[in-house]
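Listing of model-v2.tsv; format and content: TSV, C-alpha atoms.
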```tsv
chain	number	residue	atom	x	y	z
A	1	MET	CA	0.00	0.00	0.00
A	2	MET	CA	1.39	3.42	-0.96
A	3	THR	CA	1.65	6.10	1.69
A	4	SER	CA	1.59	9.83	1.06
A	5	ALA	CA	4.75	11.87	1.49
A	6	PRO	CA	5.00	13.75	4.76
A	7	THR	CA	3.88	17.36	4.63
A	8	SER	CA	6.61	19.98	4.98
A	9	PRO	CA	6.40	22.05	8.15
A	10	VAL	CA	5.20	25.60	7.56
A	11	ALA	CA	6.50	28.90	8.97
A	12	VAL	CA	5.67	32.58	8.80
A	13	VAL	CA	8.68	34.93	9.09
A	14	THR	CA	8.34	38.70	9.53
A	15	GLY	CA	11.07	41.16	8.65
A	16	ALA	CA	11.96	38.66	5.96
A	17	ALA	CA	13.20	40.79	3.07
A	18	ARG	CA	16.80	41.15	4.23
A	19	GLY	CA	19.28	40.56	7.03
A	20	ILE	CA	18.50	37.94	9.66
A	21	GLY	CA	14.93	37.55	8.41
A	22	ALA	CA	15.96	36.69	4.86
A	23	ALA	CA	18.66	34.35	6.14
A	24	THR	CA	16.06	32.63	8.33
A	25	VAL	CA	13.78	32.05	5.35
A	26	ARG	CA	16.65	30.49	3.41
A	27	SER	CA	17.73	28.36	6.36
A	28	LEU	CA	14.21	27.04	6.95
A	29	VAL	CA	13.70	26.24	3.28
A	30	ALA	CA	17.02	24.37	3.22
A	31	ALA	CA	15.75	22.35	6.19
A	32	GLY	CA	12.60	21.35	4.33
A	33	TRP	CA	10.15	24.02	5.47
A	34	SER	CA	7.61	25.95	3.45
A	35	VAL	CA	7.57	29.63	4.36
A	36	VAL	CA	5.46	32.75	4.05
A	37	ALA	CA	7.98	35.60	4.00
A	38	VAL	CA	6.53	38.87	5.30
A	39	ASP	CA	7.91	42.40	5.16
A	40	SER	CA	6.51	45.93	5.08
A	41	CYS	CA	8.64	46.74	2.00
A	42	ALA	CA	8.36	50.48	2.63
A	43	ASP	CA	10.35	53.18	4.31
A	44	ASP	CA	9.02	54.74	7.51
A	45	PRO	CA	9.24	58.51	8.07
A	46	ALA	CA	10.03	57.82	11.73
A	47	VAL	CA	13.07	55.70	10.81
A	48	PRO	CA	16.08	57.62	9.41
A	49	TYR	CA	17.51	54.84	7.26
A	50	PRO	CA	16.17	52.89	4.27
A	51	LEU	CA	14.11	49.82	5.03
A	52	ALA	CA	13.82	46.73	2.87
A	53	THR	CA	12.19	46.82	-0.55
A	54	ARG	CA	9.65	44.71	-2.39
A	55	ALA	CA	12.39	43.68	-4.82
A	56	GLU	CA	14.46	42.29	-1.95
A	57	LEU	CA	11.48	40.36	-0.62
A	58	GLU	CA	10.69	38.88	-4.02
A	59	THR	CA	14.19	37.41	-4.34
A	60	LEU	CA	13.03	34.85	-1.76
A	61	ALA	CA	10.00	33.68	-3.75
A	62	GLY	CA	10.06	30.09	-4.92
A	63	PRO	CA	8.17	26.80	-4.92
A	64	ARG	CA	8.15	26.67	-1.13
A	65	VAL	CA	8.13	30.40	-0.37
A	66	ARG	CA	5.22	32.79	-0.70
A	67	THR	CA	5.73	36.50	-0.09
A	68	ALA	CA	3.37	38.88	1.67
A	69	VAL	CA	3.67	42.64	2.11
A	70	ALA	CA	2.53	43.50	5.62
A	71	ASP	CA	3.55	45.97	8.30
A	72	VAL	CA	3.74	44.17	11.66
A	73	ARG	CA	1.71	47.03	13.15
A	74	ASP	CA	-1.19	45.99	10.91
A	75	ALA	CA	-3.01	43.16	12.67
A	76	ALA	CA	-5.26	42.42	9.69
A	77	ALA	CA	-2.29	42.16	7.32
A	78	LEU	CA	-0.52	39.71	9.64
A	79	ALA	CA	-3.69	37.66	9.96
A	80	ALA	CA	-3.84	37.53	6.16
A	81	ALA	CA	-0.23	36.29	6.04
A	82	VAL	CA	-1.10	33.48	8.45
A	83	ASP	CA	-4.17	32.66	6.36
A	84	LEU	CA	-1.89	32.51	3.31
A	85	ALA	CA	0.25	29.92	5.08
A	86	ARG	CA	-2.80	27.83	5.83
A	87	THR	CA	-4.33	28.04	2.36
A	88	GLU	CA	-1.09	27.60	0.41
A	89	PHE	CA	0.69	25.08	2.62
A	90	GLY	CA	-2.00	23.54	4.82
A	91	GLY	CA	-1.33	24.99	8.26
A	92	LEU	CA	1.27	26.61	10.47
A	93	ASP	CA	4.04	25.10	12.58
A	94	ALA	CA	6.28	28.08	13.42
A	95	ALA	CA	6.10	31.85	13.60
A	96	VAL	CA	9.31	33.88	13.63
A	97	GLY	CA	9.29	37.58	14.47
A	98	CYS	CA	12.37	39.25	12.97
A	99	ALA	CA	10.89	42.64	12.09
A	100	ALA	CA	12.48	45.50	14.05
A	101	VAL	CA	13.95	48.96	13.79
A	102	ILE	CA	16.65	50.73	15.78
A	103	LEU	CA	16.54	54.36	16.92
A	104	GLY	CA	18.71	56.25	19.37
A	105	GLY	CA	21.56	58.66	19.78
A	106	GLU	CA	20.46	60.40	22.97
A	107	PRO	CA	20.37	59.69	26.72
A	108	VAL	CA	17.24	58.09	28.10
A	109	TRP	CA	15.86	61.33	29.53
A	110	GLU	CA	15.96	62.94	26.07
A	111	ILE	CA	14.39	60.10	24.03
A	112	PRO	CA	11.78	61.69	21.72
A	113	ALA	CA	8.26	60.46	22.34
A	114	ALA	CA	7.91	59.59	18.66
A	115	SER	CA	11.02	57.37	18.76
A	116	TRP	CA	9.77	55.59	21.87
A	117	ARG	CA	6.41	54.91	20.22
A	118	THR	CA	7.99	53.62	17.03
A	119	LEU	CA	10.35	51.28	18.88
A	120	PHE	CA	7.59	49.80	20.98
A	121	ASP	CA	5.01	49.70	18.20
A	122	VAL	CA	7.33	47.85	15.80
A	123	ASP	CA	9.78	45.89	17.96
A	124	VAL	CA	7.34	44.86	20.71
A	125	GLY	CA	3.90	45.43	19.25
A	126	GLY	CA	4.95	43.57	16.12
A	127	ILE	CA	5.78	40.49	18.17
A	128	LEU	CA	2.46	40.71	20.01
A	129	ALA	CA	0.56	41.13	16.73
A	130	LEU	CA	2.34	38.09	15.30
A	131	ALA	CA	1.41	36.06	18.38
A	132	ARG	CA	-2.22	37.12	18.08
A	133	ALA	CA	-2.32	36.05	14.45
A	134	ALA	CA	-0.15	32.94	14.61
A	135	VAL	CA	-0.69	31.22	17.95
A	136	PRO	CA	-4.30	30.17	17.22
A	137	ALA	CA	-3.05	28.61	13.97
A	138	LEU	CA	-0.23	26.83	15.81
A	139	LEU	CA	-2.74	25.49	18.31
A	140	ALA	CA	-5.05	24.36	15.49
A	141	ARG	CA	-2.59	21.60	14.62
A	142	PRO	CA	-3.68	18.27	16.10
A	143	ALA	CA	-1.90	16.95	19.17
A	144	PRO	CA	0.85	16.05	19.72
A	145	ARG	CA	1.88	19.50	18.50
A	146	ARG	CA	5.37	20.78	17.81
A	147	GLY	CA	4.54	24.43	17.19
A	148	ARG	CA	7.22	27.05	17.71
A	149	PHE	CA	7.02	30.78	18.31
A	150	VAL	CA	10.40	32.52	18.00
A	151	ALA	CA	10.97	36.22	18.66
A	152	VAL	CA	14.23	37.90	17.74
A	153	ALA	CA	15.35	40.05	20.66
A	154	SER	CA	18.91	41.43	20.91
A	155	ALA	CA	22.03	41.41	23.04
A	156	ALA	CA	20.80	44.89	23.99
A	157	ALA	CA	18.04	43.20	25.98
A	158	HIS	CA	20.68	41.87	28.37
A	159	HIS	CA	23.25	44.65	28.45
A	160	GLY	CA	22.57	48.38	28.61
A	161	LEU	CA	23.96	50.16	25.56
A	162	TYR	CA	25.04	53.79	25.47
A	163	HIS	CA	22.43	56.10	23.91
A	164	LEU	CA	20.23	53.16	22.92
A	165	GLY	CA	17.98	53.13	25.98
A	166	GLY	CA	14.72	53.00	24.04
A	167	TYR	CA	15.91	50.10	21.92
A	168	THR	CA	17.23	48.32	25.01
A	169	ALA	CA	13.87	48.78	26.76
A	170	ALA	CA	11.93	47.51	23.75
A	171	LYS	CA	14.04	44.39	23.36
A	172	HIS	CA	13.82	43.72	27.10
A	173	ALA	CA	10.04	43.89	26.70
A	174	VAL	CA	10.27	41.28	23.94
A	175	LEU	CA	11.86	38.91	26.46
A	176	GLY	CA	9.06	39.48	28.94
A	177	LEU	CA	6.44	38.94	26.27
A	178	VAL	CA	8.02	35.65	25.19
A	179	ARG	CA	8.29	34.38	28.75
A	180	GLY	CA	4.65	35.21	29.39
A	181	LEU	CA	3.62	33.56	26.14
A	182	ALA	CA	5.59	30.42	26.99
A	183	ALA	CA	3.78	30.21	30.33
A	184	ASP	CA	0.40	30.59	28.64
A	185	LEU	CA	1.30	27.81	26.18
A	186	ARG	CA	2.13	25.36	28.94
A	187	GLY	CA	1.07	21.83	28.10
A	188	THR	CA	0.01	22.58	24.53
A	189	GLY	CA	3.12	21.29	22.75
A	190	VAL	CA	3.70	24.80	21.36
A	191	THR	CA	6.75	26.60	22.73
A	192	ALA	CA	7.99	30.18	22.73
A	193	VAL	CA	11.61	31.31	22.83
A	194	ALA	CA	13.65	34.42	22.17
A	195	VAL	CA	16.87	34.56	20.16
A	196	SER	CA	19.20	37.43	21.07
A	197	PRO	CA	21.71	38.21	18.33
A	198	GLY	CA	24.82	40.27	18.82
A	199	ALA	CA	26.31	42.64	16.26
A	200	THR	CA	25.39	41.06	12.93
A	201	ASP	CA	26.36	42.20	9.46
A	202	THR	CA	23.03	43.76	8.50
A	203	ALA	CA	21.59	47.12	7.51
A	204	MET	CA	20.61	47.62	11.16
A	205	LEU	CA	24.23	47.31	12.28
A	206	ALA	CA	25.21	49.94	9.72
A	207	ALA	CA	22.42	52.17	11.06
A	208	THR	CA	23.76	51.66	14.59
A	209	ALA	CA	27.21	52.76	13.49
A	210	ARG	CA	25.68	55.93	12.05
A	211	ILE	CA	23.87	56.60	15.34
A	212	TYR	CA	27.29	56.62	17.03
A	213	GLY	CA	28.90	58.66	14.26
A	214	LEU	CA	31.25	55.81	13.36
A	215	PRO	CA	32.59	55.28	9.84
A	216	ASP	CA	31.88	51.55	10.06
A	217	ALA	CA	30.82	48.85	12.52
A	218	ALA	CA	34.32	47.67	13.50
A	219	GLU	CA	34.18	49.30	16.93
A	220	LEU	CA	30.75	47.80	17.60
A	221	VAL	CA	32.01	44.22	17.31
A	222	ALA	CA	35.13	44.68	19.41
A	223	HIS	CA	33.46	43.31	22.55
A	224	GLN	CA	32.23	40.09	20.95
A	225	LEU	CA	34.38	37.05	21.60
A	226	SER	CA	33.99	36.24	17.92
A	227	GLY	CA	36.11	39.31	17.17
A	228	ARG	CA	33.93	40.04	14.14
A	229	ALA	CA	30.41	40.79	13.11
A	230	LEU	CA	28.25	37.69	12.89
A	231	ASP	CA	26.93	36.60	9.52
A	232	PRO	CA	23.10	36.62	9.31
A	233	ASP	CA	23.26	32.94	8.32
A	234	GLU	CA	24.89	32.13	11.68
A	235	VAL	CA	22.01	33.68	13.60
A	236	ALA	CA	19.48	32.12	11.23
A	237	ALA	CA	20.89	28.68	12.01
A	238	VAL	CA	20.04	29.22	15.67
A	239	ILE	CA	16.54	30.41	14.78
A	240	ALA	CA	15.99	27.42	12.51
A	241	TRP	CA	17.04	25.10	15.33
A	242	ALA	CA	14.61	26.91	17.64
A	243	CYS	CA	11.87	26.08	15.13
A	244	SER	CA	12.77	22.41	15.08
A	245	PRO	CA	11.37	19.56	17.20
A	246	ASP	CA	14.77	19.33	18.90
A	247	SER	CA	14.18	22.64	20.70
A	248	ALA	CA	11.29	21.46	22.90
A	249	ALA	CA	13.29	21.80	26.14
A	250	VAL	CA	13.96	25.54	25.80
A	251	SER	CA	10.47	27.02	26.01
A	252	GLY	CA	10.50	30.33	27.84
A	253	SER	CA	14.27	30.57	27.36
A	254	VAL	CA	16.65	32.88	25.53
A	255	LEU	CA	19.19	31.64	23.01
A	256	HIS	CA	22.19	33.97	22.96
A	257	ALA	CA	23.46	34.10	19.38
A	258	ASP	CA	25.76	37.03	20.14
A	259	GLY	CA	29.29	35.86	19.49
A	260	GLY	CA	29.96	35.78	23.21
A	261	PHE	CA	29.02	39.43	23.87
A	262	THR	CA	26.94	38.70	26.97
A	263	GLY	CA	29.33	36.00	28.17
```
Represent the structure from my file as structure tokens, please.
Amino acid sequence: MMTSAPTSPVAVVTGAARGIGAATVRSLVAAGWSVVAVDSCADDPAVPYPLATRAELETLAGPRVRTAVADVRDAAALAAAVDLARTEFGGLDAAVGCAAVILGGEPVWEIPAASWRTLFDVDVGGILALARAAVPALLARPAPRRGRFVAVASAAAHHGLYHLGGYTAAKHAVLGLVRGLAADLRGTGVTAVAVSPGATDTAMLAATARIYGLPDAAELVAHQLSGRALDPDEVAAVIAWACSPDSAAVSGSVLHADGGFTG
């Protein structure tokens, strides 16, 4: 008697057009996943550096990748991305929140209200919006489930950084949100973890160097034991593992993919 081939696991990844998000899509596909790759694909007047483009997002499209343009602050758009995963690939097994921005350059007591709102709306609110859209779909899988919710935090969540107090606070909030989510998912088979990258060779690292008035990111990586900026693929490998069945024991935990920055 012939048996049908096993169905590929399915993920939704936000912030997917470039950097760690794009590397995560590629890593998951290489591991046999089908992916809906999500990005806003538009600049934001509150963010003083270029964001990813639609052309960058479309480079990921393929037989096992569908693309969706959605701002993580738009709950309906994220819900549509999750629905796309279910209609195109049959369900959802992992949600990965990579979308984030970085703002700073001033001491905490001088952080502009608009910067604070943008950091929390995108970096924290985007994770919450993804959870609202994705967790019901993860729980819709029949038991025993192996659903995974992965939020990208930052080494800044564990170590105060000069003139990046708003970003540090937002990423610390991501950790709290993930830990609360993990507790709420107790006993379901669905887990929640955070991955905290260090200085990684991305557009955001270049933006951080500009915040500090540095010509390049060399000084920013000096405190990592790696002695260099991480490659996005290195962080993506950790995220892909966090999406796998092998990661069941780390729910509510943080995976430090920071080149040894936090020791």
Using all atoms listed in the file, pick whichever of A:Pro112, A:Gly15, A:Gly166, A:Gly32 has the shortest atom-to-atom distance to Asp71 in chain A.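 Closest residue, counting all atoms listed in the file: A:Gly15.
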Could you tell me how far CA of Val152 in chain A sits from CA of Gly104 in chain A, in Å to one decimal place?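 A separation of 19.0 Å between them.
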Measuring atom to atom with only C-alpha atoms, identify which of A:Arg64, A:Arg228, A:Arg132, A:Arg148 is nearest to Trp241 in chain A.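 Using only C-alpha atoms, Trp241 in chain A sits closest to A:Arg148.
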Can you work out the spacing between CA of Pro232 in chain A and CA of Asp39 in chain A in Å, to one decimal?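 Result for CA of Pro232 in chain A versus CA of Asp39 in chain A: 16.8 Å, one decimal.
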Grab the CA of Thr208 in chain A to CA of Val47 in chain A distance for me, in Å with one decimal place.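 It comes out at 12.0 Å.
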Mind listing as a CSV table (one decimal) with C-alpha atoms, in the coordinates of the input all residues within 10 Å of (5.8, 32.0, 12.7), counting all atoms listed in the file?
```
chain,number,residue,atom,x,y,z
A,10,VAL,CA,5.2,25.6,7.6
A,11,ALA,CA,6.5,28.9,9.0
A,12,VAL,CA,5.7,32.6,8.8
A,13,VAL,CA,8.7,34.9,9.1
A,14,THR,CA,8.3,38.7,9.5
A,35,VAL,CA,7.6,29.6,4.4
A,36,VAL,CA,5.5,32.8,4.0
A,37,ALA,CA,8.0,35.6,4.0
A,81,ALA,CA,-0.2,36.3,6.0
A,82,VAL,CA,-1.1,33.5,8.4
A,85,ALA,CA,0.2,29.9,5.1
A,92,LEU,CA,1.3,26.6,10.5
A,93,ASP,CA,4.0,25.1,12.6
A,94,ALA,CA,6.3,28.1,13.4
A,95,ALA,CA,6.1,31.8,13.6
A,96,VAL,CA,9.3,33.9,13.6
A,97,GLY,CA,9.3,37.6,14.5
A,98,CYS,CA,12.4,39.2,13.0
A,130,LEU,CA,2.3,38.1,15.3
A,131,ALA,CA,1.4,36.1,18.4
A,133,ALA,CA,-2.3,36.0,14.4
A,134,ALA,CA,-0.2,32.9,14.6
A,135,VAL,CA,-0.7,31.2,18.0
A,137,ALA,CA,-3.0,28.6,14.0
A,138,LEU,CA,-0.2,26.8,15.8
A,147,GLY,CA,4.5,24.4,17.2
A,148,ARG,CA,7.2,27.0,17.7
A,149,PHE,CA,7.0,30.8,18.3
A,150,VAL,CA,10.4,32.5,18.0
A,151,ALA,CA,11.0,36.2,18.7
A,243,CYS,CA,11.9,26.1,15.1
```
What's around Ala209 in chain A at 12 Å? Count all atoms listed in the file, leave out sequence neighbours fewer than 5 positions away in its own chain, and write the answer as a PyMOL selection string. chain A and resi 49+102-105+163-164+199-204+214-221
Counting all atoms listed in the file, which residue out of A:Leu28, A:Gly260, A:Ser247, A:Ala194 sits closest to Gly227 in chain A? A:Gly260
Which is closer to Glu56 in chain A than all the others in A:Ala23, A:Leu205, A:Val38, A:Ala17, using only C-alpha atoms?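 Under the stated criterion, the closest residue is A:Ala17.
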